[in-house]
Structures are given as C-alpha cells and as structure tokens.
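Next up, target-v7.txt (compact mmCIF, C-alpha atoms):
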# COMPACT_ATOMS: atom_id res chain seq x y z
CA MET H 1 0.00 0.00 0.00
CA ALA H 2 1.20 3.51 -0.73
CA LEU H 3 0.45 6.73 1.10
CA ILE H 4 -0.51 8.35 -2.20
CA GLU H 5 -3.37 6.59 -3.93
CA ALA H 6 -5.34 9.18 -5.89
CA ASN H 7 -4.35 11.89 -8.33
CA VAL H 8 -3.18 15.12 -6.66
CA GLU H 9 -5.39 17.13 -9.01
CA THR H 10 -8.01 17.88 -6.38
CA THR H 11 -10.11 20.99 -6.86
CA LYS H 12 -10.62 23.74 -4.36
CA SER H 13 -14.36 23.25 -4.41
CA SER H 14 -14.21 19.54 -3.58
CA ALA H 15 -15.21 18.52 -0.08
CA PRO H 16 -12.01 17.86 1.88
CA ASP H 17 -13.33 14.69 3.49
CA SER H 18 -14.80 13.20 0.33
CA PRO H 19 -13.16 9.86 -0.61
CA LYS H 20 -13.18 10.84 -4.27
CA SER H 21 -11.53 14.22 -3.72
CA SER H 22 -8.96 13.13 -1.14
CA ALA H 23 -5.41 13.16 -2.49
CA LEU H 24 -4.28 10.81 0.27
CA ARG H 25 -5.52 7.52 1.56
CA VAL H 26 -4.23 6.16 4.83
CA LYS H 27 -5.91 3.02 6.16
CA ASN H 28 -3.34 1.57 8.57
CA VAL H 29 -0.84 3.46 10.74
CA LEU H 30 1.93 1.75 12.71
CA PHE H 31 2.94 3.52 15.92
CA ALA H 32 6.27 2.08 17.09
CA THR H 33 6.90 2.87 20.75
CA ASP H 34 9.49 2.25 23.44
CA PHE H 35 7.20 3.89 26.05
CA SER H 36 9.61 6.81 26.50
CA ALA H 37 8.62 10.46 26.81
CA THR H 38 9.65 10.89 23.18
CA SER H 39 7.30 8.14 22.07
CA GLU H 40 4.58 9.73 24.17
CA GLY H 41 5.10 12.94 22.18
CA ALA H 42 4.62 11.07 18.90
CA LEU H 43 1.38 9.34 19.92
CA PRO H 44 -0.90 12.40 19.43
CA TYR H 45 0.29 12.66 15.82
CA ALA H 46 -0.47 9.01 15.17
CA VAL H 47 -3.94 9.43 16.70
CA ALA H 48 -4.64 12.68 14.82
CA ILE H 49 -3.69 11.08 11.51
CA CYS H 50 -5.92 8.07 12.17
CA ARG H 51 -8.82 10.34 13.06
CA ARG H 52 -8.27 12.51 9.98
CA PHE H 53 -8.21 9.58 7.55
CA GLY H 54 -10.39 7.07 9.41
CA ALA H 55 -7.40 4.74 9.76
CA THR H 56 -6.63 1.88 12.14
CA LEU H 57 -3.79 2.44 14.61
CA HIS H 58 -1.37 -0.45 15.18
CA ALA H 59 0.67 0.16 18.36
CA ALA H 60 3.79 -2.00 18.61
CA HIS H 61 6.60 -2.46 21.12
CA VAL H 62 9.55 -4.76 20.42
CA LEU H 63 11.67 -6.11 23.25
CA SER H 64 15.22 -6.52 21.94
CA ASP H 65 18.07 -8.15 23.85
CA ALA H 66 20.12 -4.99 23.34
CA SER H 67 17.46 -2.79 24.94
CA LEU H 68 17.08 -5.18 27.89
CA LEU H 69 20.82 -5.13 28.56
CA LEU H 70 20.92 -1.34 28.23
CA MET H 71 18.17 -0.98 30.84
CA THR H 72 19.86 -3.25 33.38
CA GLY H 73 23.51 -2.46 32.78
CA GLY H 74 24.20 -6.04 31.69
CA VAL H 75 23.25 -9.44 33.13
CA ASP H 76 24.47 -12.98 32.66
CA TYR H 77 22.88 -15.17 30.02
CA VAL H 78 21.06 -17.38 32.58
CA SER H 79 19.18 -14.33 33.89
CA MET H 80 17.93 -13.25 30.47
CA GLY H 81 14.89 -15.54 30.62
CA THR H 82 13.61 -14.05 33.86
CA LEU H 83 14.50 -10.55 32.70
CA TYR H 84 12.53 -11.04 29.49
CA GLU H 85 9.44 -12.38 31.30
CA ASP H 86 9.40 -9.38 33.63
CA ALA H 87 9.94 -6.95 30.76
CA HIS H 88 7.24 -8.61 28.64
CA THR H 89 4.70 -8.37 31.48
CA ASP H 90 5.57 -4.71 32.01
CA ALA H 91 5.35 -3.97 28.28
CA ARG H 92 1.97 -5.70 27.99
CA GLU H 93 0.60 -3.61 30.86
CA LYS H 94 1.87 -0.40 29.25
CA ILE H 95 0.48 -1.23 25.82
CA GLU H 96 -2.91 -2.01 27.40
CA GLN H 97 -2.85 1.34 29.21
CA LEU H 98 -2.07 3.02 25.91
CA ALA H 99 -4.99 1.25 24.25
CA LEU H 100 -7.36 2.63 26.89
CA ARG H 101 -6.57 6.14 25.60
CA LEU H 102 -7.57 5.27 22.03
CA GLU H 103 -11.32 5.27 22.50
CA GLY H 104 -13.06 5.91 19.20
CA ILE H 105 -9.95 4.96 17.16
CA PRO H 106 -9.85 1.43 15.66
CA HIS H 107 -6.67 -0.10 17.01
CA ARG H 108 -4.58 -3.22 17.56
CA SER H 109 -1.58 -3.70 19.83
CA TYR H 110 1.51 -5.89 19.69
CA VAL H 111 4.36 -6.83 22.04
CA ARG H 112 7.13 -8.73 20.25
CA HIS H 113 10.61 -10.00 21.16
CA GLY H 114 13.68 -10.06 18.93
CA GLN H 115 15.15 -7.85 16.23
CA VAL H 116 13.22 -4.61 16.03
CA TRP H 117 13.00 -4.19 12.27
CA LYS H 118 12.30 -7.88 11.60
CA ASN H 119 9.29 -7.78 13.91
CA LEU H 120 8.03 -4.45 12.63
CA ALA H 121 8.40 -5.66 9.03
CA GLU H 122 6.14 -8.61 9.80
CA ILE H 123 3.48 -6.31 11.24
CA ILE H 124 3.79 -3.96 8.26
CA ALA H 125 3.37 -6.77 5.74
CA ALA H 126 0.50 -8.49 7.55
CA ASN H 127 -1.52 -5.29 7.95
CA GLU H 128 -0.64 -3.36 4.77
CA ILE H 129 0.70 -0.43 6.79
CA ASP H 130 0.56 2.91 4.93
CA LEU H 131 2.50 5.06 7.41
CA ILE H 132 4.87 4.54 10.35
CA VAL H 133 4.94 7.05 13.22
CA LEU H 134 7.70 7.04 15.84
CA GLY H 135 9.56 9.32 18.22
CA THR H 136 13.33 9.71 18.23
CA HIS H 137 15.55 10.77 21.12
CA GLY H 138 18.44 12.49 19.35
CA ARG H 139 20.93 10.88 21.73
CA THR H 140 24.70 10.92 21.59
CA GLY H 141 27.29 8.30 22.46
CA VAL H 142 26.22 4.67 22.90
CA GLY H 143 22.54 5.59 23.07
CA LYS H 144 22.83 7.35 19.73
CA LEU H 145 24.54 4.31 18.19
CA LEU H 146 21.81 1.92 19.33
CA LEU H 147 19.02 4.31 18.40
CA GLY H 148 20.73 5.00 15.09
CA SER H 149 20.75 1.35 14.09
CA VAL H 150 17.02 1.02 14.75
CA ALA H 151 16.11 4.32 13.09
CA GLU H 152 18.30 3.52 10.10
CA ASP H 153 16.63 0.13 9.69
CA ILE H 154 13.19 1.71 9.69
CA LEU H 155 14.06 4.63 7.41
CA ARG H 156 16.06 2.56 4.92
CA HIS H 157 13.79 -0.47 4.72
CA ALA H 158 10.24 0.73 5.39
CA PRO H 159 8.11 0.29 2.25
CA CYS H 160 5.92 3.22 3.30
CA PRO H 161 6.56 6.80 4.50
CA VAL H 162 7.85 7.30 8.06
CA LEU H 163 6.77 10.25 10.23
CA THR H 164 9.36 10.96 12.92
CA ILE H 165 8.74 13.18 15.94
CA GLY H 166 12.04 14.48 17.32
CA PRO H 167 12.87 15.68 20.83
CA LYS H 168 12.47 19.37 19.90
CA VAL H 169 8.90 19.01 18.68
CA LEU H 170 6.31 20.45 21.04
CA GLY H 171 3.36 18.23 20.20
CA HIS H 172 0.83 20.33 22.07
CA ALA H 173 1.99 23.45 20.21
CA LYS H 174 1.51 21.90 16.76
CA LEU H 175 -1.66 20.08 17.83
CA PRO H 176 -3.43 22.87 19.76
CA ALA H 177 -6.30 20.70 20.94
CA LEU H 178 -3.84 18.70 23.06
CA ARG H 179 -2.69 20.35 26.27
CA ALA H 180 0.73 19.49 27.68
CA GLY H 181 0.47 16.31 29.71
CA ALA H 182 -3.13 15.63 28.73
CA GLN H 183 -4.13 11.98 28.67
CA ASP H 184 -7.32 12.44 26.65
CA LEU H 185 -6.58 12.17 22.93
CA GLY H 186 -10.20 12.46 21.89
CA ALA H 187 -10.02 16.07 20.67
CA VAL H 188 -6.66 15.96 18.90
CA ASP H 189 -6.84 17.14 15.29
CA LEU H 190 -4.24 17.47 12.54
CA ASP H 191 -3.85 20.79 10.74
CA LEU H 192 -0.96 21.46 8.35
CA LYS H 193 -0.48 25.03 7.13
CA GLU H 194 3.21 25.13 6.17
CA ILE H 195 5.12 22.22 4.61
CA VAL H 196 8.81 22.34 3.69
CA PHE H 197 10.03 19.83 1.09
CA ALA H 198 13.82 19.46 0.85
CA THR H 199 15.57 17.41 -1.82
CA ASP H 200 19.00 16.51 -3.17
CA PHE H 201 17.37 15.10 -6.34
CA ALA H 202 18.05 11.50 -5.33
CA LYS H 203 15.95 8.62 -6.64
CA SER H 204 13.31 9.20 -3.98
CA ALA H 205 12.77 12.87 -4.95
CA VAL H 206 9.83 12.30 -7.29
CA ARG H 207 7.78 10.25 -4.85
CA ALA H 208 8.65 12.52 -1.92
CA ALA H 209 7.62 15.60 -3.92
CA LYS H 210 4.30 13.98 -4.88
CA THR H 211 3.67 13.22 -1.22
CA ALA H 212 4.44 16.82 -0.19
CA VAL H 213 2.17 18.20 -2.94
CA ALA H 214 -0.60 15.76 -2.03
CA LEU H 215 -0.43 16.81 1.62
CA CYS H 216 -0.67 20.47 0.62
CA ALA H 217 -3.67 19.68 -1.58
CA GLN H 218 -5.31 17.75 1.27
CA PHE H 219 -4.79 20.40 3.94
CA GLY H 220 -4.65 23.59 1.87
CA ALA H 221 -1.09 24.16 3.05
CA GLN H 222 1.68 26.37 1.67
CA LEU H 223 4.55 24.40 0.07
CA THR H 224 8.18 25.54 0.14
CA MET H 225 10.58 23.46 -1.98
CA ILE H 226 14.30 23.62 -1.14
CA HIS H 227 17.52 22.39 -2.70
CA VAL H 228 20.83 23.11 -0.99
CA ILE H 229 24.13 23.36 -2.87
CA GLU H 230 26.87 22.60 -0.37
CA ASP H 231 29.84 22.85 -2.75
CA TYR H 232 29.41 26.23 -4.38
CA ALA H 233 32.99 27.53 -4.71
CA GLU H 234 32.96 27.34 -8.53
CA LEU H 235 29.50 28.84 -9.07
CA ALA H 236 30.79 32.36 -9.59
CA ALA H 237 32.44 31.22 -12.81
CA ASP H 238 29.65 28.92 -13.94
CA THR H 239 26.03 29.56 -12.93
CA ALA H 240 24.63 26.65 -14.96
CA PRO H 241 24.23 24.41 -11.86
CA ILE H 242 22.06 27.09 -10.25
CA GLU H 243 19.74 27.32 -13.24
CA GLU H 244 19.64 23.53 -13.52
CA SER H 245 18.72 23.11 -9.84
CA VAL H 246 15.89 25.64 -10.06
CA ARG H 247 14.53 23.89 -13.16
CA ARG H 248 14.65 20.47 -11.48
CA LEU H 249 12.86 21.81 -8.41
CA ARG H 250 10.00 23.18 -10.50
CA GLU H 251 9.76 19.96 -12.52
CA LEU H 252 9.09 18.03 -9.32
CA ILE H 253 5.67 19.69 -9.05
CA PRO H 254 3.22 17.26 -10.72
CA PRO H 255 1.55 18.73 -13.86
CA GLY H 256 -1.96 19.94 -13.12
CA ALA H 257 -1.55 19.88 -9.36
CA SER H 258 -4.29 22.03 -7.86
CA LEU H 259 -3.01 23.88 -4.81
CA GLU H 260 -4.52 26.78 -2.91
CA HIS H 261 -1.13 28.50 -2.76
CA ALA H 262 1.57 28.62 -5.42
CA PRO H 263 4.62 26.60 -4.30
CA GLU H 264 7.75 28.58 -3.46
CA THR H 265 11.10 27.25 -4.73
CA LEU H 266 14.31 28.14 -2.89
CA LEU H 267 17.95 27.48 -3.69
CA GLU H 268 20.25 27.66 -0.68
CA PHE H 269 24.04 27.49 -0.28
CA GLY H 270 25.94 25.97 2.64
CA SER H 271 25.25 23.15 5.07
CA ALA H 272 22.13 21.22 4.03
CA THR H 273 20.97 20.58 7.58
CA GLU H 274 21.54 24.16 8.71
CA CYS H 275 19.73 25.60 5.69
CA ILE H 276 16.74 23.26 5.95
CA LEU H 277 16.35 23.82 9.68
CA ARG H 278 16.62 27.59 9.24
CA ILE H 279 13.99 27.74 6.50
CA ALA H 280 11.65 25.45 8.43
CA SER H 281 12.05 27.65 11.51
CA GLN H 282 11.50 30.89 9.60
CA ARG H 283 8.29 29.55 8.06
CA GLU H 284 7.13 27.90 11.29
CA ALA H 285 6.73 24.69 9.30
CA ASP H 286 4.27 22.08 10.49
CA MET H 287 6.15 19.33 8.65
CA ILE H 288 9.38 18.70 6.73
CA VAL H 289 9.23 16.17 3.89
CA LEU H 290 12.41 14.39 2.75
CA GLY H 291 13.33 11.62 0.37
CA ALA H 292 15.10 8.67 2.03
CA ARG H 293 17.79 6.56 0.44
CA THR H 294 17.42 2.80 0.65
CA ALA H 295 20.01 0.53 2.25
CA ALA H 296 21.19 -0.48 -1.22
CA GLU H 297 21.76 3.14 -2.24
CA VAL H 298 24.01 3.98 0.71
CA GLY H 299 25.65 0.56 1.03
CA THR H 300 24.85 -2.35 3.31
CA THR H 301 28.10 -2.38 5.29
CA HIS H 302 27.91 1.15 6.67
CA LEU H 303 24.83 3.27 7.24
CA PRO H 304 25.97 6.78 8.24
CA TRP H 305 24.28 9.09 10.72
CA SER H 306 23.03 11.01 7.73
CA THR H 307 21.56 14.44 7.03
CA ALA H 308 18.11 12.96 7.60
CA HIS H 309 19.02 11.88 11.12
CA VAL H 310 20.46 15.27 12.03
CA LEU H 311 17.19 16.82 10.90
CA LEU H 312 15.19 14.27 12.89
CA ALA H 313 17.11 15.18 16.03
CA HIS H 314 16.93 18.97 15.63
CA ALA H 315 13.74 19.80 13.71
CA ALA H 316 11.06 21.67 15.65
CA CYS H 317 8.36 19.92 13.61
CA PRO H 318 7.68 16.33 12.48
CA VAL H 319 9.78 14.98 9.60
CA LEU H 320 8.23 12.74 6.96
CA THR H 321 10.71 10.58 5.06
CA VAL H 322 9.64 8.93 1.82
CA ARG H 323 11.50 6.20 -0.03
CA ALA H 324 11.53 5.83 -3.81
Written as structure tokens, that's how I'd like the structure from this file.
Amino acid sequence: MALIEANVETTKSSAPDSPKSSALRVKNVLFATDFSATSEGALPYAVAICRRFGATLHAAHVLSDASLLLMTGGVDYVSMGTLYEDAHTDAREKIEQLALRLEGIPHRSYVRHGQVWKNLAEIIAANEIDLIVLGTHGRTGVGKLLLGSVAEDILRHAPCPVLTIGPKVLGHAKLPALRAGAQDLGAVDLDLKEIVFATDFAKSAVRAAKTAVALCAQFGAQLTMIHVIEDYAELAADTAPIEESVRRLRELIPPGASLEHAPETLLEFGSATECILRIASQREADMIVLGARTAAEVGTTHLPWSTAHVLLAHAACPVLTVRA
C-alpha cells in the first residue's frame, strides 16, 4: 500500500473529506513505541492522523536483547529468561494502558521479542501499513549508536513513509487541541499550514515531492521546496548548476496539481541541515518532507548518521521521510 493513492489534481471546491476528492488515503498506521517520553510525544500525531483519515492504529513495542541489557547495565545469560518475562509483562501492561486512551480509534496492539526491524516488518506486511509514526531521542554516544541502528533500519527499509517526531517538537503546540500532559486524545486534530520539502534530487525525490504536494492539496497548506548546494565555490564562474537546480525543483511539481497556494522554490548554499532547519524555523513549518535513500543506495556495510538523522534530532516539527 502507498500513502498516495489518488491523483493530486483535487479541486478547491471539492469537499475535503470526500473519498473521491482526497489526495491521500491512509488506512493503517503503525505507531512504534518504546514507552519513553519521546514516544509519548509522537502518539498524538499518530492518533490525529488516524482520526483525519479514518485509519486503524497499530501500536507496537519490540523487546530486543540490546534494549534489555541497556536498561539493566548487563546481566548474565542465565538471567535473560527471567528478565525477558518481567519486561514482557511490564510492556503488555503499558500497551494495554495506551490502548485505553484510544477510545473511538480502531486499534490493535503488539508486544514482540527479537530484532526490532524484523518484527516491525512482519506487522507492516501483515496489515498493509501505509504510514509509520515514531519518536526519536536524538541521543549521543552509545545511546545514539543503538538508536541509530534502529532508526536507520526503519528509514532505509520501510516500504511506506515514516513520520518521525524528534525531541524538539512540542506536540501540544503543533496540535493545539492537546494540552501538555493531557491523557485524553479524543479532541486531537491534525492541521498542516506550512510544509517544507527538501531534496537533493536523489531517486526518492519524485515520490517525496508527490507526497508533499498531495499533503498540501489535502490540507490547503503552503509548500516551500528547497535544494541546498553545499559545494558552491565554482559557481561564480559557472552559474549553470544554479539554473539547472531551479529547473529540477520546478519539474518536481506534478503537472496539473491544484493547490490553494503557489509553491515557493528556494535554492540555498551551505550546510544542508543548517539551511533546511533555518527555512523550516522561519516559516514555522508544520512538517518537513524528505526523500530517504534505501540501504542499497548507501551501502549495506555502513549506514551513516546522515543528514536525515540530524534533521530528525533537531527539527522543531515532524519529519516525513519517503523512499523511492
């Protein structure tokens, strides 16, 4: 299943909730949680999306051996069985408490044990998941390394878009119906007014751009499209790359796309992460949309803590990554 199902050529006069006029179709959302405060901040977004599109929420927690050892500081192998049983009971209680807050939202819950991505992939395939929602901590050191491996697996292998809520996102500020610390998710609604789409023209650019345009058509949002040239020392002598980049940005807008506001295209120079974060901050963006490279594109032996992950850790709004 894909996040984009219908043509983005919706008309302004069409009813926004009409199945025929909707540019997006989301039927199943996977909320991956480790029960941390960061995951708690991502939950309102998952709920709001499900309510907006009438989707089913699939809440999943995976107990990995690495996470168990990290929590305890290390135990001997004989103790792992008891440790797992205690952790599984605790996780089941937490997932049931979470489910109690989802009144009015169709939902299913899962507690699995083993490799995180392998278990999530099984849930995704069995339920035709259209979108994954998760929180990220933006840690450093060992925590960053462990988190990075899980986040990389999800971003590089997920067959559907991934919405990541970083530590600097104030969920209650972007979802005004939710007060800080509120347990009732019944009134949470999703409203996107400013969307920033950033691209390096990789393979995923076309699909990511279509997703950004479709979201703008769905919500009546303003779209800002950005490309950053990091190596610009020779541009004074040859401006062709500038003209080419502007042309490629404009060509990413699907022909006939009907948007309430004309998209703005920007060409920036310098650090990609710094430029994207600055533009998103200036426009008070409600979402950043990025293309994500697959594991095959970046190599299977080394997955770097890439530009996408820096954005996930520092963006003040959710980041949607879309694979080709």
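Restricting the calculation to only C-alpha atoms, the smallest distance between Ala214 of chain H and any of H:Val246, H:Leu259, H:Val62, H:Ala272 is found for H:Leu259.
Reported to one decimal place, the separation of atom CA of Ile95 of chain H from atom CA of Ser109 of chain H is 6.8 Å.
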query: Could you list as a ChimeraX atom specification every residue that has an atom within 10 Å of (4.8, 26.7, 4.1), using the file's coordinates and counting all atoms listed in the file?
result: /H:192-197,216,221-225,261,263-264,279-280,282-288
Give me a file of those residues, with C-alpha atoms, as a tab-separated table (two decimals), in the frame of the given file.
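This went into again_33.tsv:
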chain	number	residue	atom	x	y	z
H	192	LEU	CA	-0.96	21.46	8.35
H	193	LYS	CA	-0.48	25.03	7.13
H	194	GLU	CA	3.21	25.13	6.17
H	195	ILE	CA	5.12	22.22	4.61
H	196	VAL	CA	8.81	22.34	3.69
H	197	PHE	CA	10.03	19.83	1.09
H	216	CYS	CA	-0.67	20.47	0.62
H	221	ALA	CA	-1.09	24.16	3.05
H	222	GLN	CA	1.68	26.37	1.67
H	223	LEU	CA	4.55	24.40	0.07
H	224	THR	CA	8.18	25.54	0.14
H	225	MET	CA	10.58	23.46	-1.98
H	261	HIS	CA	-1.13	28.50	-2.76
H	263	PRO	CA	4.62	26.60	-4.30
H	264	GLU	CA	7.75	28.58	-3.46
H	279	ILE	CA	13.99	27.74	6.50
H	280	ALA	CA	11.65	25.45	8.43
H	282	GLN	CA	11.50	30.89	9.60
H	283	ARG	CA	8.29	29.55	8.06
H	284	GLU	CA	7.13	27.90	11.29
H	285	ALA	CA	6.73	24.69	9.30
H	286	ASP	CA	4.27	22.08	10.49
H	287	MET	CA	6.15	19.33	8.65
H	288	ILE	CA	9.38	18.70	6.73
field: Exercise: segment 43-55 of chain H partners within 8 Å, all atoms listed in the file, chain neighbours under 6 positions left out, as a PyMOL selection string
entry: chain H and resi 25-29+31+102+105-106+133-134+171+175+178+185+188-190
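Taking atom CA of Gly256 of chain H and atom CA of Thr321 of chain H as the two end points, the separation is 24.1 Å.
Using all atoms listed in the file, the shortest contact distance between Val319 of chain H and any of H:Gly114, H:Ala32, H:Leu163, H:Ser281 is found at H:Leu163.
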field: For Cys275 of chain H, the nearest of the candidates H:Val111, H:Val228, H:Ala59, H:Cys160, counting only C-alpha atoms
entry: H:Val228
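Closest to Ile154 of chain H among H:Ala324, H:Leu120, H:Val169, H:Leu277 is H:Leu120, based on only C-alpha atoms.
Counting all atoms listed in the file and comparing H:His137, H:His157, H:His107, H:Lys210, the residue that lies closest to Leu57 of chain H is H:His107.
Here atom CA of Ile165 of chain H and atom CA of His309 of chain H stand 11.4 Å from one another.
The smallest atom-to-atom distance between Glu85 of chain H and any of H:Arg156, H:Arg323, H:His113, H:His227, using all atoms listed in the file, is found for H:His113.
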